[in-house]
Amino acid sequence: MNRDYYLQMRRLEDRHWWFVARRNLICAALKRFCKTENPLTLDMGCGTGGTLDRLREFAQPVGLDLEPLALSLCRERGHENLVLASATALPFAEESFDAAIALDVLEHIPDDTLAARELARALKPGGVAVVTVPAYQALWSGHDVALMHQRRYRAEEVRRLLEGAGLQIEQLSYTVSLLLPAVWVVRKLQNALQKKDTVPHADARPTPEPLNGILRRLLDAEARLALRTSLPFGLTVFAVARKPD
């Protein structure tokens, strides 16, 4: 990702509804599906450390990122178990981790198949992977270009990707469903109005209260459903997969 976005993410991620609700979902998924106490957990593409903060409340997190600036910002939060490396060449032995997460990471990687295989390789038998990716190629916009995305996904594409890596799907759902119609309209308008010479930019920006809190609570309610059933549409694909014993 663009280095400026890492700085923007660091300013936003502790309070912004998108980041907070995603962390709530991921932590709830790990607690529900990973049965190991205090699991050694890889955060593949850890960014600026907001998720690592949450993970250390109940797990032993290890952060990995390809961007030195991201790891520097993680160190400012007090994290030490950090690795500078690529998701397609994890510097860990096979069967190292009880759990692994890849939150909006795979869409950045040209060879997402190799990254999924590496994620599976690093898991212990019975270990759990939790993955989120942006949904629907039809929603492609300047936001994706600014964040250096390679693609967006449908749920069945995520299923094939993870099962192809040797993992078994335990939960697969769309999330951020209630906002899909509004975002769809906004993205289509942005694409129609954007001039060819305009520099693409990411949509992430501060959301004022009380709207920020309302959106967070809405997504938390959706998350409780997504952990138990499959929502038919949404802005994000969310998956939990297990490495066979």
# chains A, B, ... in the order shown; residues from 1 in each chain; ligands from 1
>>> residues_around(residues="Ala192 in chain A", least_positions_apart="6", cutoff="12 Å", atoms="only C-alpha atoms", output="list of chain:residue names")
A:Ser141, A:Gly142, A:Val185, A:Val186
>>> write_last_selection(atoms="C-alpha atoms", output="PDB file, in the first residue's frame")
ATOM      1  CA  SER A 141     -13.031   2.182  -8.085  1.00  0.00           C
ATOM      2  CA  GLY A 142     -10.275   4.681  -7.454  1.00  0.00           C
ATOM      3  CA  VAL A 185     -24.344   4.027  -5.761  1.00  0.00           C
ATOM      4  CA  VAL A 186     -21.440   6.157  -4.524  1.00  0.00           C
TER       5      VAL A 186
END
>>> residues_around(residues="range 124-133 of chain A", least_positions_apart="4", cutoff="8 Å", atoms="only C-alpha atoms", output="ChimeraX atom specification")
/A:26,29-30,33-34,94-107,119-120,152-153,236-245
>>> select_by_dssp(residues="range 70-157 of chain A", states="strand (DSSP E)", output="PyMOL selection string")
chain A and resi 82-84+97-103+123-134
>>> write_last_selection(atoms="C-alpha atoms", output="compact mmCIF listing (two decimals), in the first residue's frame")
# COMPACT_ATOMS: atom_id res chain seq x y z
CA LEU A 82 7.36 -8.43 14.38
CA VAL A 83 8.72 -9.80 11.12
CA LEU A 84 9.52 -7.96 7.89
CA PHE A 97 0.87 -21.27 14.52
CA ASP A 98 -2.38 -22.13 16.27
CA ALA A 99 -4.19 -19.43 14.30
CA ALA A 100 -3.54 -16.93 11.53
CA ILE A 101 -5.42 -13.93 10.20
CA ALA A 102 -5.20 -12.06 6.89
CA LEU A 103 -7.41 -8.98 7.08
CA LEU A 123 -0.77 -23.45 10.58
CA LYS A 124 -0.64 -26.40 12.93
CA PRO A 125 -3.04 -29.26 12.21
CA GLY A 126 -6.40 -28.12 13.54
CA GLY A 127 -5.28 -24.49 13.35
CA VAL A 128 -7.68 -21.77 12.23
CA ALA A 129 -7.32 -19.09 9.56
CA VAL A 130 -9.57 -16.01 9.49
CA VAL A 131 -9.63 -14.02 6.26
CA THR A 132 -11.38 -10.89 5.02
CA VAL A 133 -11.25 -9.44 1.50
CA PRO A 134 -13.22 -6.74 -0.36
>>> atom_distance(atom1="CA of Asn24 in chain A", atom2="CA of Ala223 in chain A")
8.1 Å
>>> atom_distance(atom1="CA of Leu64 in chain A", atom2="CA of Ala226 in chain A")
26.6 Å
>>> atom_distance(atom1="CA of Ala116 in chain A", atom2="CA of Leu167 in chain A")
9.2 Å
>>> residues_around(residues="range 4-12 of chain A", least_positions_apart="4", cutoff="9 Å", atoms="only C-alpha atoms", output="number ranges by chain")
A: 16, 19, 47-50, 69-70, 73, 146-147, 202, 204-206
>>> write_last_selection(atoms="C-alpha atoms", output="PDB file, in the first residue's frame")
ATOM      1  CA  HIS A  16     -13.042   4.495  13.062  1.00  0.00           C
ATOM      2  CA  PHE A  19     -11.526  -0.828  11.666  1.00  0.00           C
ATOM      3  CA  GLY A  47      -0.439  -2.936   9.165  1.00  0.00           C
ATOM      4  CA  THR A  48       0.007  -0.370  11.920  1.00  0.00           C
ATOM      5  CA  GLY A  49      -0.846  -2.617  14.862  1.00  0.00           C
ATOM      6  CA  GLY A  50      -4.455  -1.990  15.831  1.00  0.00           C
ATOM      7  CA  LEU A  69       6.954   1.899   8.178  1.00  0.00           C
ATOM      8  CA  ALA A  70       4.069  -0.313   9.283  1.00  0.00           C
ATOM      9  CA  LEU A  73       4.307   2.104  13.888  1.00  0.00           C
ATOM     10  CA  ALA A 146      -5.158   3.993  -4.412  1.00  0.00           C
ATOM     11  CA  LEU A 147      -4.788   1.005  -2.087  1.00  0.00           C
ATOM     12  CA  ALA A 202      -8.761   5.985  -0.657  1.00  0.00           C
ATOM     13  CA  ALA A 204     -11.052   6.239   4.512  1.00  0.00           C
ATOM     14  CA  ARG A 205     -11.583   9.463   6.449  1.00  0.00           C
ATOM     15  CA  PRO A 206     -12.810  10.395   9.950  1.00  0.00           C
TER      16      PRO A 206
END
>>> closest_residue(among="A:Tyr174, A:His143, A:Glu157, A:Ala87", to="Leu219 in chain A", atoms="only C-alpha atoms")
A:Tyr174
>>> residues_around(residues="Leu139 in chain A", least_positions_apart="6", cutoff="10 Å", atoms="only C-alpha atoms", output="list in words")
Arg152, Leu180, Val183, Trp184, Val185, Val186, Arg187, Lys188, Asn191 and Leu235 of chain A
